[in-house]
Amino acid sequence: RPPRGGAMEAKAAGGASRAGAGSRASAPIAQSAARRRVDEIAAVEALEGGATGGWPQDDHDNFMGLLRQRVRRQSDAGFLREAEVLLPHRRHEELVEHFAWLCRHEQRLDEQRQLVAEWRKHRQQQQCAAAAPVEHEQLLAAQREAEAERREGQERLKRERAAQEEKKRLVAEWRGGGGGRPAPRAA
């Protein structure tokens, strides 16, 4: 059974109200603030009996199995009667308290999921911002390489045209200078 006390219940209630409001989880948060809040949630969770609310695993599993059969997952008189039959060694008050614990537990889990999602989003944004200069440099390098290849292609084309012009000139010279015959070779 989870211990009952004013300080623990006040802290648990404060954690539950923050989870319901969602104000802390909705704004972008730093990694250390998210880690700190997740640690606070884990501490409250431990104080309230961990993942089973202080109940033995089999009792908790039976309670949860019965609750999952309910359409709206609500604790009403019919559910409590069935739970009392299923768990005859548990008093009515214990069943009501376990359901209240379960509600607080689910709120803490929801807040924890929101914090982790916000932290991941924040981390991804930081990684993208850090990667942006590297990607920019890679883009500039690729542009410089493409420009160098374009210039090299233009220069190659100029050399080829110049070589063709030289060949045309030599052919014209050959045709015009020797009466259409090649000049005799010197022996």
# chains A, B, ... in the order shown; residues from 1 in each chain; ligands from 1
$ residues_around --residues "A:Leu87" --least-positions-apart "6" --cutoff "8 Å" --atoms "only C-alpha atoms" --output "list in words"
Asp59, Asn62 and Phe63 of chain A
$ closest_residue --among "A:Ala83, A:Ala142, A:Val134, A:Val116" --to "A:His60" --atoms "only C-alpha atoms"
A:Ala83
$ closest_residue --among "A:Arg68, A:Arg123, A:His136, A:Leu80" --to "A:Glu93" --atoms "only C-alpha atoms"
A:Leu80
$ residues_around --residues "A:Arg120" --least-positions-apart "3" --cutoff "12 Å" --atoms "only C-alpha atoms" --output "PyMOL selection string"
chain A and resi 28-31+34-35+113-117+123-127
$ write_last_selection --atoms "all heavy atoms" --output "compact mmCIF listing (two decimals), in the first residue's frame"
# COMPACT_ATOMS: atom_id res chain seq x y z
N PRO A 28 9.06 25.26 -25.64
CA PRO A 28 10.36 24.67 -25.89
C PRO A 28 11.23 24.74 -24.63
O PRO A 28 11.27 25.76 -23.96
CB PRO A 28 10.95 25.54 -27.01
CG PRO A 28 9.78 26.20 -27.64
CD PRO A 28 8.75 26.33 -26.56
N ILE A 29 11.86 23.65 -24.31
CA ILE A 29 12.63 23.59 -23.08
C ILE A 29 14.04 23.11 -23.36
O ILE A 29 14.28 22.41 -24.33
CB ILE A 29 11.95 22.68 -22.04
CG1 ILE A 29 11.70 21.31 -22.64
CG2 ILE A 29 10.68 23.30 -21.53
CD1 ILE A 29 11.13 20.32 -21.68
N ALA A 30 14.93 23.48 -22.49
CA ALA A 30 16.32 23.06 -22.62
C ALA A 30 16.45 21.63 -22.13
O ALA A 30 15.61 21.13 -21.37
CB ALA A 30 17.22 23.98 -21.81
N GLN A 31 17.51 20.99 -22.54
CA GLN A 31 17.73 19.59 -22.18
C GLN A 31 17.82 19.43 -20.66
O GLN A 31 17.23 18.51 -20.11
CB GLN A 31 19.02 19.11 -22.83
CG GLN A 31 19.36 17.67 -22.49
CD GLN A 31 20.62 17.21 -23.18
OE1 GLN A 31 21.24 17.94 -23.92
NE2 GLN A 31 21.00 15.99 -22.93
N ALA A 34 14.35 19.69 -19.02
CA ALA A 34 13.55 18.49 -19.29
C ALA A 34 14.04 17.34 -18.43
O ALA A 34 13.23 16.61 -17.84
CB ALA A 34 13.63 18.11 -20.77
N ARG A 35 15.34 17.18 -18.35
CA ARG A 35 15.91 16.10 -17.53
C ARG A 35 15.52 16.27 -16.07
O ARG A 35 15.15 15.34 -15.40
CB ARG A 35 17.43 16.08 -17.70
CG ARG A 35 18.16 15.19 -16.73
CD ARG A 35 17.63 13.80 -16.70
NE ARG A 35 18.36 12.98 -17.62
CZ ARG A 35 18.04 11.73 -17.87
NH1 ARG A 35 17.02 11.18 -17.29
NH2 ARG A 35 18.74 11.03 -18.71
N ARG A 113 6.06 11.77 -21.41
CA ARG A 113 6.11 11.59 -22.87
C ARG A 113 6.20 12.94 -23.58
O ARG A 113 6.94 13.09 -24.55
CB ARG A 113 4.88 10.82 -23.34
CG ARG A 113 4.98 9.32 -23.17
CD ARG A 113 3.85 8.60 -23.87
NE ARG A 113 2.61 8.64 -23.14
CZ ARG A 113 2.25 7.78 -22.20
NH1 ARG A 113 3.05 6.80 -21.86
NH2 ARG A 113 1.10 7.88 -21.58
N GLN A 114 5.44 13.93 -23.10
CA GLN A 114 5.48 15.26 -23.71
C GLN A 114 6.86 15.89 -23.55
O GLN A 114 7.38 16.50 -24.48
CB GLN A 114 4.41 16.16 -23.10
CG GLN A 114 3.00 15.80 -23.50
CD GLN A 114 1.97 16.64 -22.75
OE1 GLN A 114 2.26 17.30 -21.77
NE2 GLN A 114 0.73 16.59 -23.24
N LEU A 115 7.43 15.75 -22.36
CA LEU A 115 8.76 16.30 -22.12
C LEU A 115 9.80 15.67 -23.03
O LEU A 115 10.64 16.37 -23.61
CB LEU A 115 9.16 16.11 -20.66
CG LEU A 115 8.45 17.00 -19.65
CD1 LEU A 115 8.63 16.47 -18.24
CD2 LEU A 115 8.95 18.42 -19.76
N VAL A 116 9.75 14.37 -23.15
CA VAL A 116 10.72 13.67 -24.00
C VAL A 116 10.53 14.08 -25.46
O VAL A 116 11.50 14.32 -26.18
CB VAL A 116 10.61 12.14 -23.81
CG1 VAL A 116 11.42 11.40 -24.86
CG2 VAL A 116 11.08 11.76 -22.41
N ALA A 117 9.28 14.21 -25.90
CA ALA A 117 9.01 14.62 -27.28
C ALA A 117 9.53 16.04 -27.53
O ALA A 117 10.15 16.31 -28.56
CB ALA A 117 7.52 14.54 -27.59
N ARG A 123 16.37 18.98 -29.55
CA ARG A 123 17.67 18.42 -29.92
C ARG A 123 17.81 18.35 -31.44
O ARG A 123 18.85 18.69 -31.99
CB ARG A 123 17.83 17.03 -29.31
CG ARG A 123 19.19 16.41 -29.60
CD ARG A 123 19.30 15.04 -29.07
NE ARG A 123 18.37 14.19 -29.78
CZ ARG A 123 18.28 12.89 -29.64
NH1 ARG A 123 19.03 12.28 -28.77
NH2 ARG A 123 17.40 12.19 -30.32
N GLN A 124 16.75 17.94 -32.12
CA GLN A 124 16.78 17.85 -33.59
C GLN A 124 16.99 19.23 -34.20
O GLN A 124 17.74 19.39 -35.15
CB GLN A 124 15.50 17.21 -34.10
CG GLN A 124 15.51 16.99 -35.59
CD GLN A 124 14.24 16.33 -36.08
OE1 GLN A 124 13.23 16.31 -35.38
NE2 GLN A 124 14.27 15.79 -37.28
N GLN A 125 16.32 20.25 -33.64
CA GLN A 125 16.50 21.62 -34.14
C GLN A 125 17.95 22.08 -33.95
O GLN A 125 18.52 22.72 -34.83
CB GLN A 125 15.54 22.57 -33.44
CG GLN A 125 14.10 22.39 -33.86
CD GLN A 125 13.13 23.20 -33.00
OE1 GLN A 125 13.48 23.70 -31.94
NE2 GLN A 125 11.89 23.31 -33.47
N GLN A 126 18.52 21.74 -32.80
CA GLN A 126 19.92 22.11 -32.55
C GLN A 126 20.86 21.41 -33.52
O GLN A 126 21.80 22.01 -34.03
CB GLN A 126 20.32 21.77 -31.11
CG GLN A 126 19.74 22.71 -30.08
CD GLN A 126 20.13 22.31 -28.67
OE1 GLN A 126 20.35 21.15 -28.38
NE2 GLN A 126 20.21 23.29 -27.80
N GLN A 127 20.58 20.13 -33.77
CA GLN A 127 21.43 19.38 -34.71
C GLN A 127 21.31 19.95 -36.11
O GLN A 127 22.30 20.05 -36.84
CB GLN A 127 21.05 17.90 -34.70
CG GLN A 127 21.49 17.19 -33.44
CD GLN A 127 20.96 15.76 -33.36
OE1 GLN A 127 20.02 15.40 -34.04
NE2 GLN A 127 21.59 14.97 -32.52
$ atom_distance --atom1 "atom CA of A:Gly78" --atom2 "atom CA of A:Gln57"
23.2 Å
$ select_by_dssp --residues "stretch 20-177 of chain A" --states "alpha helix (DSSP H)" --output "JSON, numbers by chain"
{"A": [20, 21, 23, 24, 25, 26, 31, 32, 33, 34, 35, 36, 37, 38, 39, 40, 41, 42, 43, 44, 45, 46, 47, 57, 58, 59, 60, 61, 62, 63, 64, 65, 66, 67, 68, 77, 78, 79, 80, 81, 82, 83, 84, 85, 86, 92, 93, 94, 95, 96, 97, 98, 99, 100, 101, 102, 103, 104, 105, 106, 107, 108, 109, 110, 111, 112, 113, 114, 115, 116, 117, 118, 119, 120, 121, 122, 123, 124, 125, 126, 127, 128, 129, 130, 131, 132, 133, 134, 135, 136, 137, 138, 139, 140, 141, 142, 143, 144, 145, 146, 147, 148, 149, 150, 151, 152, 153, 154, 155, 156, 157, 158, 159, 160, 161, 162, 163, 164, 165, 166, 167, 168, 169, 170, 171, 172, 173, 174, 175, 176, 177]}
$ closest_residue --among "A:Leu86, A:Ala146, A:Cys103, A:Ala51" --to "A:Gln74" --atoms "only C-alpha atoms"
A:Cys103
$ atom_distance --atom1 "atom CA of A:His98" --atom2 "atom CA of A:Asp58"
13.8 Å
